[in-house]
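> Take a look at the following structure, please.
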Amino acid sequence: MHIRNITVAPATFLSPMAGLTDSTFRRLIKRLGGCGLVMTEFTSAEGLTRHSVKSKRMLFYYEEERPITAQLFGSEPNRLAEAARMVEDLGFDAIDLNLGCPAKKVVKSCGGSALLRDQKLLGIILRKIRVSTRLPFTIKIRSGWSDSEIVAVEVGKMAEDLGVEAITLHPRTRVQGFSGKADWTIIRRLKAHLKIPVIGNGDIISPRDALQMRKLTGCDGVMIGRGALTNPWIFCQINEIEKGLPITQPNIAAKYGLIRDYFSLLFEESTPGAIGKMKQFASWFTHAVPGGAVLRKGIYASRDEAEVMDLIEEFFQKTLVSESQVMGY
């Protein structure tokens with residue numbers, strides 16, 4: 001699919017997730033293959049324009065991550081316009097406005113999904129951003145604030161009229177948060193009303209979920225969040241299914257290699273809070289590994305990076321030996 005001059009091939013996107021999709025994780029996903037576009041963690045326009053070190057760090061990226069979109073959030077039109085200009089100066093391929101975050105801290109200041117309830121302000125913001133940057137401009141929304149306030153089609157049509165060039169829909173309401181089921185029928189309705197690309201998001205846990213979403217909704221692309229945390233191979237698996245190729249089924253050795261690669265990237269970057277990210281990644285990634293609960297317990301109790309690495313090495317060496325014995329090697 002195309003977003004103006006950006007070719008997204010395959011038409012698969014890594015969802016921006018706060019505290020999770022930093023440059024280290026994005027590069028890991030890109031190196032595995034099959035992901036057409038990645039986004040930064042959502043970044044405060046207020047923080048960025050006030051030159052917050054944290055906000056600037058969230059917009060750090062490597063060339064190998066391209067095409068890459070910077071995602072912003074906020075509610076003050078002039079701040080967002082200034083932040084959009086800064087994003088363009090940083091060399092990003094596109095800019096995205098977050099209209100879906102349900103977090104209380106964000107919606108309290110009328111950011112994220114709260115803007116779906118104030119379409120007058122949202123219209124002003126979209127216009128301001130559109131005239132402030134030459135970059136392709138996209139938005140990510142929820143279906144609405146609540147079941148009685150479903151506004152996806154209304155917001156989508158306004159956004160298209162104001163120059164937004166693609167829209168991602170996570171069809172849950174703000175009230176739902178991440179509970180219940182995503183209503184894919186709303187993605188289908190949105191696609192039927194718009195000419196710009198529509199990207200579907202929500203409840204894609206397996207590669208076949210992605211294909212099913214496309215079939216049922218007609219969406220132009222799919223965005224995957226939590227499904228990529230527990231299965232980073234999901235993008236290349238989707239690509240393999242579409243090409244009629246055998247699906248990659250990572251064995252214990254491949255999983256060990258991926259954890260080790262991720263940790264190595266963290267060390268290379270001297271990533272702030274590396275120990276927390278190591279624990280976080282290991283907890284997602286070892287759910288499908290036999291005996292993973294024991295490893296997770298040990299990692300949670302670890303006090304430094306070296307201790308985590310020692311536990312990983314010991315666990316996987318034993319697991320690999322056991323697997324070899326079972327296979328008769």
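Chain identifiers are assigned as A, B, and so on, following the order in which chains appear in the structure tokens; residues are numbered from 1 within each chain, and ligands are numbered from 1 in order of appearance.
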Once you count only C-alpha atoms, what closest atom pair and distance in Å to one decimal does each residue of range 16-111 of chain A within 10 Å of range 142-156 of chain A have, with rows by chain and rising residue number, as a tab-separated table?

residue	atom	partner	partner_atom	distance
A:Asn98	CA	A:Arg142	CA	9.5
A:Leu99	CA	A:Arg142	CA	6.9
A:Gly100	CA	A:Arg142	CA	4.9
A:Cys101	CA	A:Arg142	CA	8.2
A:Pro102	CA	A:Trp145	CA	9.0
> Name all residues at most 8 Å from Ala282 in chain A (count only C-alpha atoms; drop same-chain ones fewer than 6 positions away) and give them as a PyMOL selection string.
chain A and resi 259+296+299
> Output N, CA and C atoms for every residue in that selection, as a short mmCIF file (atom, residue, chain, number, x, y, z; two decimals), in the first residue's frame.

data_model
loop_
_atom_site.label_atom_id
_atom_site.label_comp_id
_atom_site.auth_asym_id
_atom_site.auth_seq_id
_atom_site.Cartn_x
_atom_site.Cartn_y
_atom_site.Cartn_z
N ILE A 259 16.31 -13.43 22.09
CA ILE A 259 16.46 -12.79 23.40
C ILE A 259 17.87 -12.23 23.55
N ARG A 296 11.05 -16.87 34.31
CA ARG A 296 10.49 -15.55 34.60
C ARG A 296 10.61 -15.20 36.07
N ILE A 299 14.11 -14.14 36.76
CA ILE A 299 14.43 -12.84 36.16
C ILE A 299 13.81 -11.70 36.97
#
> Report, in Å with one decimal, the straight-line distance from CA of Gly91 in chain A to CA of Pro77 in chain A.
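It comes out at 21.6 Å.
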> With DSSP run on the backbone, what are the strand (DSSP E or B) residues within range 58-115 of chain A? I'd like them as a list of chain:residue names.
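Output for range 58-115 of chain A, strand (DSSP E or B) only: A:Ile68, A:Thr69, A:Ala70, A:Gln71, A:Leu72, A:Phe73, A:Ala94, A:Ile95, A:Asp96, A:Leu97, A:Asn98, A:Leu99.
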> Please save N, CA and C atoms of the selected residues as a compact mmCIF listing (two decimals), in the first residue's frame.

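Produced file result-v7.txt, reproduced below:
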# COMPACT_ATOMS: atom_id res chain seq x y z
N ILE A 68 9.74 5.07 8.74
CA ILE A 68 9.38 5.23 10.14
C ILE A 68 8.55 6.50 10.34
N THR A 69 7.51 6.36 11.15
CA THR A 69 6.61 7.46 11.47
C THR A 69 6.81 7.89 12.92
N ALA A 70 6.81 9.19 13.15
CA ALA A 70 6.82 9.72 14.51
C ALA A 70 5.39 9.97 14.95
N GLN A 71 5.01 9.40 16.08
CA GLN A 71 3.66 9.63 16.58
C GLN A 71 3.67 10.64 17.72
N LEU A 72 2.80 11.64 17.60
CA LEU A 72 2.67 12.70 18.61
C LEU A 72 1.32 12.62 19.30
N PHE A 73 1.26 13.19 20.50
CA PHE A 73 -0.04 13.41 21.14
C PHE A 73 -0.03 14.77 21.81
N ALA A 94 7.09 10.21 8.01
CA ALA A 94 5.68 10.61 8.16
C ALA A 94 5.44 11.01 9.60
N ILE A 95 4.28 11.60 9.82
CA ILE A 95 3.88 11.99 11.17
C ILE A 95 2.48 11.44 11.44
N ASP A 96 2.26 10.98 12.67
CA ASP A 96 0.96 10.42 13.05
C ASP A 96 0.49 11.11 14.33
N LEU A 97 -0.82 11.38 14.39
CA LEU A 97 -1.41 11.96 15.60
C LEU A 97 -2.18 10.89 16.34
N ASN A 98 -1.87 10.73 17.62
CA ASN A 98 -2.56 9.73 18.44
C ASN A 98 -3.89 10.27 18.92
N LEU A 99 -4.96 9.59 18.51
CA LEU A 99 -6.32 9.92 18.96
C LEU A 99 -6.97 8.70 19.60
> As an mmCIF file with N, CA and C atoms, in the first residue's frame, list the residues of range 160-303 of chain A assigned to helix (DSSP H, G or I) by DSSP on the backbone atoms of this structure.

data_model
loop_
_atom_site.group_PDB
_atom_site.id
_atom_site.type_symbol
_atom_site.label_atom_id
_atom_site.label_comp_id
_atom_site.auth_asym_id
_atom_site.auth_seq_id
_atom_site.Cartn_x
_atom_site.Cartn_y
_atom_site.Cartn_z
ATOM 1 N N GLU A 160 -10.085 13.063 6.417
ATOM 2 C CA GLU A 160 -9.801 12.960 4.985
ATOM 3 C C GLU A 160 -9.982 14.316 4.309
ATOM 4 N N ASP A 161 -11.045 15.018 4.636
ATOM 5 C CA ASP A 161 -11.319 16.331 4.041
ATOM 6 C C ASP A 161 -10.241 17.350 4.388
ATOM 7 N N TRP A 184 -14.516 -5.470 14.605
ATOM 8 C CA TRP A 184 -13.954 -5.280 13.264
ATOM 9 C C TRP A 184 -14.984 -4.739 12.265
ATOM 10 N N THR A 185 -16.261 -4.875 12.555
ATOM 11 C CA THR A 185 -17.266 -4.365 11.619
ATOM 12 C C THR A 185 -17.159 -2.847 11.469
ATOM 13 N N ILE A 186 -16.649 -2.168 12.485
ATOM 14 C CA ILE A 186 -16.481 -0.711 12.398
ATOM 15 C C ILE A 186 -15.360 -0.372 11.417
ATOM 16 N N ILE A 187 -14.332 -1.221 11.357
ATOM 17 C CA ILE A 187 -13.270 -1.015 10.361
ATOM 18 C C ILE A 187 -13.867 -1.122 8.962
ATOM 19 N N ARG A 188 -14.734 -2.106 8.754
ATOM 20 C CA ARG A 188 -15.377 -2.276 7.443
ATOM 21 C C ARG A 188 -16.208 -1.050 7.075
ATOM 22 N N ARG A 189 -16.942 -0.506 8.044
ATOM 23 C CA ARG A 189 -17.762 0.675 7.775
ATOM 24 C C ARG A 189 -16.892 1.878 7.427
ATOM 25 N N LEU A 190 -15.806 2.038 8.170
ATOM 26 C CA LEU A 190 -14.907 3.163 7.903
ATOM 27 C C LEU A 190 -14.307 3.048 6.508
ATOM 28 N N LYS A 191 -13.858 1.862 6.144
ATOM 29 C CA LYS A 191 -13.264 1.638 4.825
ATOM 30 C C LYS A 191 -14.266 1.964 3.719
ATOM 31 N N ALA A 192 -15.530 1.647 3.927
ATOM 32 C CA ALA A 192 -16.557 1.885 2.909
ATOM 33 C C ALA A 192 -16.810 3.372 2.673
ATOM 34 N N HIS A 193 -16.439 4.223 3.638
ATOM 35 C CA HIS A 193 -16.745 5.653 3.540
ATOM 36 C C HIS A 193 -15.541 6.507 3.128
ATOM 37 N N PRO A 207 -0.837 -14.800 12.850
ATOM 38 C CA PRO A 207 -0.786 -14.318 11.466
ATOM 39 C C PRO A 207 -2.106 -14.509 10.736
ATOM 40 N N ARG A 208 -2.836 -15.569 11.059
ATOM 41 C CA ARG A 208 -4.113 -15.812 10.380
ATOM 42 C C ARG A 208 -5.183 -14.800 10.817
ATOM 43 N N ASP A 209 -5.035 -14.231 12.009
ATOM 44 C CA ASP A 209 -5.942 -13.150 12.422
ATOM 45 C C ASP A 209 -5.812 -11.964 11.476
ATOM 46 N N ALA A 210 -4.575 -11.657 11.072
ATOM 47 C CA ALA A 210 -4.341 -10.529 10.170
ATOM 48 C C ALA A 210 -5.027 -10.759 8.828
ATOM 49 N N LEU A 211 -4.904 -11.967 8.300
ATOM 50 C CA LEU A 211 -5.534 -12.285 7.017
ATOM 51 C C LEU A 211 -7.054 -12.244 7.145
ATOM 52 N N GLN A 212 -7.556 -12.704 8.277
ATOM 53 C CA GLN A 212 -9.002 -12.688 8.504
ATOM 54 C C GLN A 212 -9.521 -11.257 8.595
ATOM 55 N N MET A 213 -8.778 -10.377 9.254
ATOM 56 C CA MET A 213 -9.201 -8.982 9.347
ATOM 57 C C MET A 213 -9.293 -8.362 7.960
ATOM 58 N N ARG A 214 -8.293 -8.601 7.133
ATOM 59 C CA ARG A 214 -8.313 -8.049 5.772
ATOM 60 C C ARG A 214 -9.515 -8.580 4.988
ATOM 61 N N LYS A 215 -9.772 -9.859 5.140
ATOM 62 C CA LYS A 215 -10.875 -10.487 4.403
ATOM 63 C C LYS A 215 -12.226 -9.926 4.834
ATOM 64 N N LEU A 216 -12.415 -9.750 6.136
ATOM 65 C CA LEU A 216 -13.709 -9.327 6.668
ATOM 66 C C LEU A 216 -13.951 -7.828 6.552
ATOM 67 N N THR A 217 -12.885 -7.036 6.529
ATOM 68 C CA THR A 217 -13.056 -5.578 6.564
ATOM 69 C C THR A 217 -12.671 -4.874 5.271
ATOM 70 N N ARG A 226 0.180 -5.887 20.621
ATOM 71 C CA ARG A 226 0.507 -6.900 21.636
ATOM 72 C C ARG A 226 0.880 -8.243 21.027
ATOM 73 N N GLY A 227 0.319 -8.554 19.848
ATOM 74 C CA GLY A 227 0.664 -9.818 19.195
ATOM 75 C C GLY A 227 2.126 -9.911 18.817
ATOM 76 N N ALA A 228 2.764 -8.747 18.597
ATOM 77 C CA ALA A 228 4.188 -8.740 18.238
ATOM 78 C C ALA A 228 5.089 -8.854 19.465
ATOM 79 N N LEU A 229 4.543 -8.589 20.636
ATOM 80 C CA LEU A 229 5.349 -8.683 21.854
ATOM 81 C C LEU A 229 5.621 -10.137 22.218
ATOM 82 N N THR A 230 4.607 -10.973 22.071
ATOM 83 C CA THR A 230 4.768 -12.388 22.413
ATOM 84 C C THR A 230 5.273 -13.208 21.237
ATOM 85 N N ILE A 234 5.651 -12.600 13.951
ATOM 86 C CA ILE A 234 4.316 -12.564 13.361
ATOM 87 C C ILE A 234 4.291 -11.865 11.998
ATOM 88 N N PHE A 235 5.124 -10.843 11.819
ATOM 89 C CA PHE A 235 5.119 -10.118 10.545
ATOM 90 C C PHE A 235 5.660 -10.985 9.408
ATOM 91 N N CYS A 236 6.782 -11.652 9.654
ATOM 92 C CA CYS A 236 7.314 -12.494 8.582
ATOM 93 C C CYS A 236 6.400 -13.690 8.333
ATOM 94 N N GLN A 237 5.684 -14.155 9.358
ATOM 95 C CA GLN A 237 4.747 -15.260 9.180
ATOM 96 C C GLN A 237 3.568 -14.849 8.296
ATOM 97 N N ILE A 238 3.065 -13.627 8.489
ATOM 98 C CA ILE A 238 1.981 -13.119 7.638
ATOM 99 C C ILE A 238 2.446 -13.076 6.184
ATOM 100 N N ASN A 239 3.640 -12.558 5.988
ATOM 101 C CA ASN A 239 4.205 -12.452 4.640
ATOM 102 C C ASN A 239 4.365 -13.833 4.001
ATOM 103 N N GLU A 240 4.783 -14.805 4.794
ATOM 104 C CA GLU A 240 4.979 -16.169 4.278
ATOM 105 C C GLU A 240 3.659 -16.804 3.852
ATOM 106 N N ILE A 241 2.627 -16.621 4.686
ATOM 107 C CA ILE A 241 1.310 -17.172 4.341
ATOM 108 C C ILE A 241 0.801 -16.569 3.035
ATOM 109 N N GLU A 242 0.953 -15.251 2.893
ATOM 110 C CA GLU A 242 0.459 -14.580 1.694
ATOM 111 C C GLU A 242 1.191 -15.035 0.439
ATOM 112 N N ILE A 252 13.570 -23.549 19.908
ATOM 113 C CA ILE A 252 14.162 -23.017 21.138
ATOM 114 C C ILE A 252 15.440 -22.238 20.848
ATOM 115 N N ALA A 253 16.251 -22.736 19.925
ATOM 116 C CA ALA A 253 17.511 -22.065 19.593
ATOM 117 C C ALA A 253 17.243 -20.680 19.006
ATOM 118 N N ALA A 254 16.212 -20.565 18.152
ATOM 119 C CA ALA A 254 15.882 -19.276 17.551
ATOM 120 C C ALA A 254 15.384 -18.300 18.608
ATOM 121 N N LYS A 255 14.594 -18.796 19.556
ATOM 122 C CA LYS A 255 14.085 -17.935 20.618
ATOM 123 C C LYS A 255 15.207 -17.468 21.536
ATOM 124 N N TYR A 256 16.114 -18.362 21.818
ATOM 125 C CA TYR A 256 17.285 -18.007 22.617
ATOM 126 C C TYR A 256 18.090 -16.927 21.896
ATOM 127 N N GLY A 257 18.290 -17.113 20.596
ATOM 128 C CA GLY A 257 19.059 -16.151 19.810
ATOM 129 C C GLY A 257 18.407 -14.778 19.790
ATOM 130 N N LEU A 258 17.070 -14.748 19.719
ATOM 131 C CA LEU A 258 16.375 -13.476 19.667
ATOM 132 C C LEU A 258 16.474 -12.725 20.994
ATOM 133 N N ILE A 259 16.311 -13.433 22.087
ATOM 134 C CA ILE A 259 16.462 -12.785 23.404
ATOM 135 C C ILE A 259 17.867 -12.234 23.553
ATOM 136 N N ARG A 260 18.835 -13.034 23.161
ATOM 137 C CA ARG A 260 20.236 -12.599 23.269
ATOM 138 C C ARG A 260 20.495 -11.377 22.389
ATOM 139 N N ASP A 261 19.930 -11.377 21.167
ATOM 140 C CA ASP A 261 20.103 -10.240 20.258
ATOM 141 C C ASP A 261 19.473 -8.977 20.839
ATOM 142 N N TYR A 262 18.296 -9.130 21.426
ATOM 143 C CA TYR A 262 17.602 -7.976 22.008
ATOM 144 C C TYR A 262 18.416 -7.404 23.159
ATOM 145 N N PHE A 263 18.893 -8.263 24.021
ATOM 146 C CA PHE A 263 19.686 -7.797 25.150
ATOM 147 C C PHE A 263 20.983 -7.127 24.679
ATOM 148 N N SER A 264 21.572 -7.661 23.613
ATOM 149 C CA SER A 264 22.804 -7.069 23.085
ATOM 150 C C SER A 264 22.557 -5.656 22.581
ATOM 151 N N LEU A 265 21.403 -5.454 21.910
ATOM 152 C CA LEU A 265 21.050 -4.122 21.439
ATOM 153 C C LEU A 265 20.868 -3.154 22.613
ATOM 154 N N LEU A 266 20.236 -3.636 23.680
ATOM 155 C CA LEU A 266 20.070 -2.790 24.868
ATOM 156 C C LEU A 266 21.424 -2.353 25.421
ATOM 157 N N PHE A 267 22.371 -3.293 25.458
ATOM 158 C CA PHE A 267 23.689 -2.986 26.012
ATOM 159 C C PHE A 267 24.441 -2.007 25.104
ATOM 160 N N GLU A 268 24.314 -2.200 23.788
ATOM 161 C CA GLU A 268 25.004 -1.326 22.840
ATOM 162 C C GLU A 268 24.568 0.124 23.012
ATOM 163 N N GLU A 269 23.289 0.313 23.279
ATOM 164 C CA GLU A 269 22.726 1.650 23.376
ATOM 165 C C GLU A 269 22.831 2.236 24.777
ATOM 166 N N ALA A 274 17.545 -0.413 31.382
ATOM 167 C CA ALA A 274 17.744 -1.657 30.634
ATOM 168 C C ALA A 274 17.292 -2.881 31.417
ATOM 169 N N ILE A 275 17.531 -2.898 32.716
ATOM 170 C CA ILE A 275 17.158 -4.067 33.520
ATOM 171 C C ILE A 275 15.646 -4.270 33.474
ATOM 172 N N GLY A 276 14.883 -3.181 33.547
ATOM 173 C CA GLY A 276 13.428 -3.290 33.472
ATOM 174 C C GLY A 276 12.967 -3.796 32.124
ATOM 175 N N LYS A 277 13.599 -3.318 31.051
ATOM 176 C CA LYS A 277 13.228 -3.763 29.706
ATOM 177 C C LYS A 277 13.590 -5.225 29.496
ATOM 178 N N MET A 278 14.706 -5.665 30.058
ATOM 179 C CA MET A 278 15.093 -7.075 29.954
ATOM 180 C C MET A 278 14.048 -7.965 30.619
ATOM 181 N N LYS A 279 13.621 -7.557 31.802
ATOM 182 C CA LYS A 279 12.604 -8.340 32.517
ATOM 183 C C LYS A 279 11.294 -8.354 31.749
ATOM 184 N N GLN A 280 10.944 -7.198 31.212
ATOM 185 C CA GLN A 280 9.704 -7.056 30.459
ATOM 186 C C GLN A 280 9.705 -7.953 29.227
ATOM 187 N N PHE A 281 10.778 -7.880 28.455
ATOM 188 C CA PHE A 281 10.869 -8.660 27.229
ATOM 189 C C PHE A 281 10.862 -10.158 27.531
ATOM 190 N N ALA A 282 11.625 -10.546 28.536
ATOM 191 C CA ALA A 282 11.682 -11.958 28.886
ATOM 192 C C ALA A 282 10.321 -12.481 29.329
ATOM 193 N N SER A 283 9.539 -11.631 30.000
ATOM 194 C CA SER A 283 8.223 -12.078 30.468
ATOM 195 C C SER A 283 7.267 -12.302 29.301
ATOM 196 N N TRP A 284 7.321 -11.436 28.262
ATOM 197 C CA TRP A 284 6.465 -11.661 27.090
ATOM 198 C C TRP A 284 6.879 -12.927 26.367
ATOM 199 N N PHE A 285 8.201 -13.036 26.222
ATOM 200 C CA PHE A 285 8.746 -13.940 25.227
ATOM 201 C C PHE A 285 8.894 -15.379 25.699
ATOM 202 N N GLY A 292 9.168 -21.868 31.034
ATOM 203 C CA GLY A 292 9.396 -20.428 31.049
ATOM 204 C C GLY A 292 8.995 -19.758 32.347
ATOM 205 N N ALA A 293 8.021 -20.307 33.062
ATOM 206 C CA ALA A 293 7.566 -19.699 34.315
ATOM 207 C C ALA A 293 8.688 -19.665 35.348
ATOM 208 N N VAL A 294 9.494 -20.708 35.380
ATOM 209 C CA VAL A 294 10.618 -20.760 36.321
ATOM 210 C C VAL A 294 11.632 -19.676 35.976
ATOM 211 N N LEU A 295 11.904 -19.533 34.668
ATOM 212 C CA LEU A 295 12.846 -18.511 34.228
ATOM 213 C C LEU A 295 12.326 -17.119 34.566
ATOM 214 N N ARG A 296 11.053 -16.866 34.309
ATOM 215 C CA ARG A 296 10.488 -15.546 34.597
ATOM 216 C C ARG A 296 10.608 -15.199 36.074
ATOM 217 N N LYS A 297 10.340 -16.173 36.916
ATOM 218 C CA LYS A 297 10.423 -15.929 38.360
ATOM 219 C C LYS A 297 11.833 -15.508 38.748
ATOM 220 N N GLY A 298 12.824 -16.183 38.181
ATOM 221 C CA GLY A 298 14.210 -15.844 38.486
ATOM 222 C C GLY A 298 14.584 -14.465 37.965
ATOM 223 N N ILE A 299 14.110 -14.136 36.762
ATOM 224 C CA ILE A 299 14.429 -12.842 36.164
ATOM 225 C C ILE A 299 13.809 -11.704 36.968
ATOM 226 N N TYR A 300 12.547 -11.880 37.397
ATOM 227 C CA TYR A 300 11.891 -10.835 38.181
ATOM 228 C C TYR A 300 12.666 -10.524 39.460
#
> Using only C-alpha atoms, which residues of range 75-166 of chain A come within 7 Å of range 47-56 of chain A, and what is the closest atom pair for each, with the distance in Å to one decimal? Give it as CSV, sorted by chain and residue number.

residue,atom,partner,partner_atom,distance
A:Arg79,CA,A:Thr49,CA,6.8
A:Glu82,CA,A:Thr49,CA,6.9
A:Ala83,CA,A:Thr49,CA,5.9
> Can you list, as a ChimeraX atom specification, every protein, DNA or RNA residue that comes within 12 Å of Asn5 in chain A when you count only C-alpha atoms, leaving out same-chain residues fewer than 5 positions away?
/A:67,93-94,134-137,165
> To one decimal in Å, tell me the separation between CA of Pro197 in chain A and CA of Cys219 in chain A.
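Computing the Euclidean distance for CA of Pro197 in chain A and CA of Cys219 in chain A yields 7.5 Å.
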> Name the closest residue to Gly225 in chain A among the candidates A:Asp118, A:Glu41, A:Glu46, A:Glu65; distances are taken between atoms, counting only C-alpha atoms.
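Between A:Asp118, A:Glu41, A:Glu46, A:Glu65, the residue approaching Gly225 in chain A most closely is A:Glu41.
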> Counting only C-alpha atoms, which of A:Thr173, A:Thr138, A:Ser44, A:Thr248 gets nearest to Ser109 in chain A?
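Comparing A:Thr173, A:Thr138, A:Ser44, A:Thr248 against Ser109 in chain A, the winner is A:Ser44.
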> Excluding Ala166 in chain A and its own-chain neighbours fewer than 2 positions away, which residues fall within 7 Å of it when counting only C-alpha atoms? Please give them as a list in words.
Ile3, Thr138, Ile139, Val164, Thr168, Ile196, Pro197 and Val198 of chain A
> Emit the selected residues as a tab-separated table (two decimals), in the first residue's frame, including C-alpha atoms.

chain	number	residue	atom	x	y	z
A	3	ILE	CA	0.75	6.63	1.89
A	138	THR	CA	-1.81	10.04	9.36
A	139	ILE	CA	-3.93	9.51	12.47
A	164	VAL	CA	-5.00	13.35	6.50
A	168	THR	CA	-5.60	3.48	11.62
A	196	ILE	CA	-7.64	7.20	1.87
A	197	PRO	CA	-6.00	3.97	3.15
A	198	VAL	CA	-7.55	2.41	6.24
> How far is it from CA of Leu245 in chain A to CA of Arg27 in chain A, in Å with one decimal?
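So the answer is 24.0 Å.
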